[in-house]
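Q: Next up is a structure, given as structure tokens.
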Amino acid sequence: MHRCHLNVLPHLFIILSSLFLPSSAQAAQWRMMVGGHDFIVDQANSHTLGSGIGISFADTTESDISLFGRFNTYFDFDIDELDPDHIPIWFQSDFVAEGELVRLTETASISWFVEAFDKRNTVSSVEQQQKLMPGFDFSFNVQRYKVGTKASAGYYALEIDDDVPKSRGYSRGDLRNSTSALSLQLYATVAFSEKAGVNLSAQQWHDGDDWLENQYHLKLNYDVADWIADSLFVINIIHTEYNLDSYNDPQKLSILPWDRDTFVRVFLEYPLN
């Protein structure tokens, strides 16, 4: 059975953020995200539709440190065949602190950042996942284009839900892997017009011996301020591949019959203040 967990990373990030010089609460930009999704596991020919609601904030401290946080809650219409015991609600949050380190030219710079990520109770059997990764971002920004690469190192943890593995002979002690990790991300942002743009990224996490996870992200934004002031219509696609070799027992079936998933979300993002 999936277990309910307190989401501890948001509290950890708030504590870390308090170490910086905060700006006034009135300056923070709060936004709401409301939409629908499809969680796809193609190896099982599974589609899980649902809806979601989220909230985000963006702020800049008096010392020019950018803070961003986001928390989403998703409600699945639990009609899939992956896990009949799945509780059809799951959570995802991410938080970033970032500041410029070196301005190389008018268009190129190096920044530092700290990212915290948490995901829990997905229908594809990710029971919980945490990442805490400080690093450096080299970016090149000119007119409507921004490209860059991020290199980071920190903590990576992935725990698999026990429902499917226990039917294959695995115990709960076999289901969690936590380790130090390195990560490299390549990304690009293109503004097609004043209203439309796209964000692309590819990222890998590696423990020094083997890869842990690959992720590919496509995000399309369209300005719908004509409908609601300062609002965006967003199509978000995240494809994730997991390396489950460290969990698998060669004397048993693979711990899961799938090792990748694709999350497609369509939502409206609008300001709260």
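Lettering and numbering for the structure tokens are positional, with chains as A, B, ... in the shown order, residues counted from 1 in each chain, and ligands counted from 1 in the shown order.
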Env of region 140-155 of chain A: 6 Å cut, atoms = only C-alpha atoms, seq-sep filter 5 positions within chain, self excluded. Answer as an MDAnalysis selection string.
A: chainID A and resid 107:108 131:135 180:191
Q: Got time to write the residues from that selection, C-alpha atoms, as a short mmCIF file (atom, residue, chain, number, x, y, z; two decimals), in the first residue's frame?
A:
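This is the output file result-v2.cif:
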```cif
data_model
loop_
_atom_site.label_atom_id
_atom_site.label_comp_id
_atom_site.auth_asym_id
_atom_site.auth_seq_id
_atom_site.Cartn_x
_atom_site.Cartn_y
_atom_site.Cartn_z
CA THR A 107 25.00 38.21 -22.34
CA ALA A 108 26.91 35.51 -20.42
CA LYS A 131 16.80 15.65 -4.39
CA LEU A 132 18.83 18.41 -2.76
CA MET A 133 21.40 19.70 -5.25
CA PRO A 134 23.54 22.86 -5.02
CA GLY A 135 25.47 23.82 -8.12
CA SER A 180 25.27 11.24 -3.19
CA ALA A 181 24.88 12.21 -6.83
CA LEU A 182 26.15 14.43 -9.62
CA SER A 183 23.88 16.04 -12.18
CA LEU A 184 24.28 17.77 -15.54
CA GLN A 185 21.48 19.65 -17.25
CA LEU A 186 21.30 21.32 -20.67
CA TYR A 187 18.48 23.77 -21.27
CA ALA A 188 17.16 26.32 -23.76
CA THR A 189 14.40 28.91 -23.74
CA VAL A 190 13.02 30.45 -26.91
CA ALA A 191 10.42 33.22 -27.12
#
```
Q: Contacts of Ala97 (chain A) at 7 Å or less, counting only C-alpha atoms, minus same-chain residues fewer than 3 places along, as JSON, numbers by chain?
A: {"A": [65, 66, 67, 68, 113, 114, 115]}
Q: Mind writing the picked residues with N, CA and C atoms as a tab-separated table (two decimals), in the first residue's frame?
A:
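again-v5.tsv, written as the output of this step:
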```
chain	number	residue	atom	x	y	z
A	65	ILE	N	19.16	37.80	-4.28
A	65	ILE	CA	19.00	36.35	-4.38
A	65	ILE	C	17.57	36.06	-4.80
A	66	SER	N	17.42	35.31	-5.87
A	66	SER	CA	16.09	34.94	-6.36
A	66	SER	C	15.61	33.69	-5.65
A	67	LEU	N	14.37	33.74	-5.18
A	67	LEU	CA	13.75	32.61	-4.51
A	67	LEU	C	12.51	32.19	-5.29
A	68	PHE	N	12.36	30.89	-5.51
A	68	PHE	CA	11.18	30.38	-6.20
A	68	PHE	C	10.74	29.09	-5.53
A	113	PHE	N	23.28	28.12	-7.41
A	113	PHE	CA	21.90	27.81	-7.08
A	113	PHE	C	21.85	26.65	-6.09
A	114	VAL	N	20.73	26.55	-5.40
A	114	VAL	CA	20.40	25.39	-4.57
A	114	VAL	C	18.99	24.97	-4.94
A	115	GLU	N	18.82	23.71	-5.33
A	115	GLU	CA	17.50	23.19	-5.72
A	115	GLU	C	17.09	22.07	-4.77
```
Q: Have a look at A:Arg168, A:Asp161, A:Asp210, A:Val102 and name the one nearest to Gln251 (chain A); count only C-alpha atoms.
A: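 Among the listed residues, the smallest separation from Gln251 (chain A) belongs to A:Arg168.
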Q: Show me, as a tab-separated table, the residues of region 33-90 of chain A having an atom within 12 Å of region 235-239 of chain A, each with the closest atom pair and its distance in Å, using only C-alpha atoms.
A:
```
residue	atom	partner	partner_atom	distance
A:Met33	CA	A:Ile235	CA	11.7
A:Val34	CA	A:Ile235	CA	11.9
A:Gly35	CA	A:Ile235	CA	9.8
A:Gly36	CA	A:Ile235	CA	10.1
A:His37	CA	A:Asn236	CA	9.2
A:Asp38	CA	A:Ile237	CA	9.7
A:Phe39	CA	A:Ile238	CA	9.8
A:Ile40	CA	A:His239	CA	9.2
A:Val41	CA	A:His239	CA	9.9
A:Asp42	CA	A:His239	CA	10.9
```
Q: Could you name the residues that touch Asn221 (chain A) at 8 Å or less, counting only C-alpha atoms, but leaving out those on the same chain fewer than 5 positions away, as a list in words?
A: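 Everything that qualifies: Lys195, Ala196, Gly197, Val198, Leu232, Phe233, Val234 and Ile235 of chain A.
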Q: Mind listing the strand (DSSP E or B) residues of region 189-226 of chain A, per DSSP on the backbone, as a list in words?
A: Thr189, Val190, Ala191, Ala196, Gly197, Val198, Asn199, Leu200, Ser201, Ala202, Gln203, Gln204, Trp205, His206, Trp211, Leu212, Glu213, Asn214, Gln215, Tyr216, His217, Leu218, Lys219, Leu220, Asn221, Tyr222 and Asp223 of chain A
Q: From the list A:Tyr242, A:Glu98, A:Tyr216, A:Phe77, which residue is nearest Gln129 (chain A) when using only C-alpha atoms?
A: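 Going through A:Tyr242, A:Glu98, A:Tyr216, A:Phe77 one by one, the smallest distance to Gln129 (chain A) is for A:Tyr242.
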Q: So which residues of region 28-248 of chain A fall under helix (DSSP H, G or I) by DSSP, listed as a PyMOL selection string?
A: chain A and resi 42-44+163-166+172-174
Q: One decimal, Å: what's the distance from CA of Ile87 (chain A) over to CA of Phe117 (chain A), could you say?
A: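 Interatomic distance, CA of Ile87 (chain A) to CA of Phe117 (chain A): 21.3 Å.
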Q: Could you tell me which of A:Thr60, A:Ser139, A:Asn45, A:Ser231 comes closest to Ile110 (chain A) if we count only C-alpha atoms?
A: A:Ser139
Q: Give me the residues of region 60-173 of chain A that have any atom at most 12 Å from an atom of region 46-52 of chain A; for each, the nearest atom pair and the distance in Å, rounded to one decimal. Use only C-alpha atoms, sort by chain and number, and format it as JSON lines.
A:
```
{"residue": "A:Phe71", "atom": "CA", "partner": "A:Gly52", "partner_atom": "CA", "distance": 10.6}
{"residue": "A:Asn72", "atom": "CA", "partner": "A:Gly52", "partner_atom": "CA", "distance": 6.9}
{"residue": "A:Thr73", "atom": "CA", "partner": "A:Gly52", "partner_atom": "CA", "distance": 5.7}
{"residue": "A:Tyr74", "atom": "CA", "partner": "A:Gly52", "partner_atom": "CA", "distance": 4.2}
{"residue": "A:Phe75", "atom": "CA", "partner": "A:Ser51", "partner_atom": "CA", "distance": 5.4}
{"residue": "A:Asp76", "atom": "CA", "partner": "A:Gly50", "partner_atom": "CA", "distance": 4.2}
{"residue": "A:Phe77", "atom": "CA", "partner": "A:Gly50", "partner_atom": "CA", "distance": 5.1}
{"residue": "A:Asp78", "atom": "CA", "partner": "A:Thr48", "partner_atom": "CA", "distance": 6.5}
{"residue": "A:Ile79", "atom": "CA", "partner": "A:Thr48", "partner_atom": "CA", "distance": 6.4}
{"residue": "A:Asp80", "atom": "CA", "partner": "A:Thr48", "partner_atom": "CA", "distance": 5.7}
{"residue": "A:Glu81", "atom": "CA", "partner": "A:Ser46", "partner_atom": "CA", "distance": 6.8}
{"residue": "A:Leu82", "atom": "CA", "partner": "A:Ser46", "partner_atom": "CA", "distance": 7.2}
{"residue": "A:Asp83", "atom": "CA", "partner": "A:Ser46", "partner_atom": "CA", "distance": 10.7}
{"residue": "A:His86", "atom": "CA", "partner": "A:Thr48", "partner_atom": "CA", "distance": 11.4}
{"residue": "A:Pro88", "atom": "CA", "partner": "A:Gly50", "partner_atom": "CA", "distance": 8.9}
{"residue": "A:Ile89", "atom": "CA", "partner": "A:Gly50", "partner_atom": "CA", "distance": 9.3}
{"residue": "A:Trp90", "atom": "CA", "partner": "A:Gly52", "partner_atom": "CA", "distance": 9.4}
{"residue": "A:Phe91", "atom": "CA", "partner": "A:Gly52", "partner_atom": "CA", "distance": 9.5}
{"residue": "A:Gln92", "atom": "CA", "partner": "A:Gly52", "partner_atom": "CA", "distance": 10.6}
{"residue": "A:Thr122", "atom": "CA", "partner": "A:Thr48", "partner_atom": "CA", "distance": 10.4}
{"residue": "A:Val123", "atom": "CA", "partner": "A:Thr48", "partner_atom": "CA", "distance": 7.9}
{"residue": "A:Ser124", "atom": "CA", "partner": "A:Ser46", "partner_atom": "CA", "distance": 9.4}
```
Q: Excluding Gly173 (chain A) and residues on its chain fewer than 4 positions from it, collect all residues at most 12 Å away from it, counting only C-alpha atoms, and give them as a PyMOL selection string.
A: chain A and resi 159-162+165-166+169+177+247
Q: State, in Å with one decimal place, the distance from CA of Ser56 (chain A) to CA of Lys119 (chain A).
A: 15.8 Å
Q: Which neighbours of Leu212 (chain A) fall inside 6 Å, counting only C-alpha atoms, when residues of the same chain fewer than 2 positions from it are skipped, and could you give them as a CSV table (one decimal) with all heavy atoms, in the first residue's frame?
A:
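Full text of around_3.csv as output:
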```csv
chain,number,residue,atom,x,y,z
A,205,TRP,N,21.1,12.4,-13.6
A,205,TRP,CA,21.7,12.2,-12.3
A,205,TRP,C,22.5,10.9,-12.3
A,205,TRP,O,22.1,9.9,-12.8
A,205,TRP,CB,20.6,12.1,-11.2
A,205,TRP,CG,19.8,13.4,-11.0
A,205,TRP,CD1,20.0,14.4,-10.1
A,205,TRP,CD2,18.7,13.9,-11.8
A,205,TRP,NE1,19.2,15.4,-10.2
A,205,TRP,CE2,18.3,15.1,-11.3
A,205,TRP,CE3,18.0,13.4,-12.9
A,205,TRP,CZ2,17.3,15.9,-11.8
A,205,TRP,CZ3,17.0,14.1,-13.4
A,205,TRP,CH2,16.6,15.4,-12.9
A,206,HIS,N,23.7,11.0,-11.7
A,206,HIS,CA,24.7,9.9,-11.7
A,206,HIS,C,25.3,9.8,-10.4
A,206,HIS,O,25.6,10.8,-9.7
A,206,HIS,CB,25.7,10.3,-12.8
A,206,HIS,CG,26.5,9.2,-13.3
A,206,HIS,ND1,27.5,8.6,-12.6
A,206,HIS,CD2,26.5,8.6,-14.5
A,206,HIS,CE1,28.0,7.6,-13.3
A,206,HIS,NE2,27.4,7.6,-14.5
A,243,ASN,N,16.9,4.2,-13.5
A,243,ASN,CA,17.8,3.0,-13.6
A,243,ASN,C,17.5,2.2,-12.3
A,243,ASN,O,17.8,2.6,-11.2
A,243,ASN,CB,19.2,3.4,-13.6
A,243,ASN,CG,20.2,2.3,-13.7
A,243,ASN,OD1,19.8,1.1,-13.6
A,243,ASN,ND2,21.5,2.6,-13.9
```
Q: For a test of reading the model, state the distance in Å between CA of Phe267 (chain A) and CA of Ile228 (chain A), rounded to one decimal.
A: 13.5 Å
Q: Name the residues in contact with Met32 (chain A) at a cut-off of 7 Å, using only C-alpha atoms, excluding same-chain residues fewer than 2 positions from it; report them as a ChimeraX atom specification.
A: /A:34,54-56,269-272
Q: Please identify all polymer residues within 10 Å of Asp249 (chain A), counting only C-alpha atoms, omitting same-chain residues fewer than 3 positions from it, and present them as a PyMOL selection string.
A: chain A and resi 169-170+174+245-246+252-255
Q: When you count only C-alpha atoms, which of these residues is closest to Gln128 (chain A): A:Ala202, A:Ala157, A:Leu256, A:Ala229?
A: A:Ala157
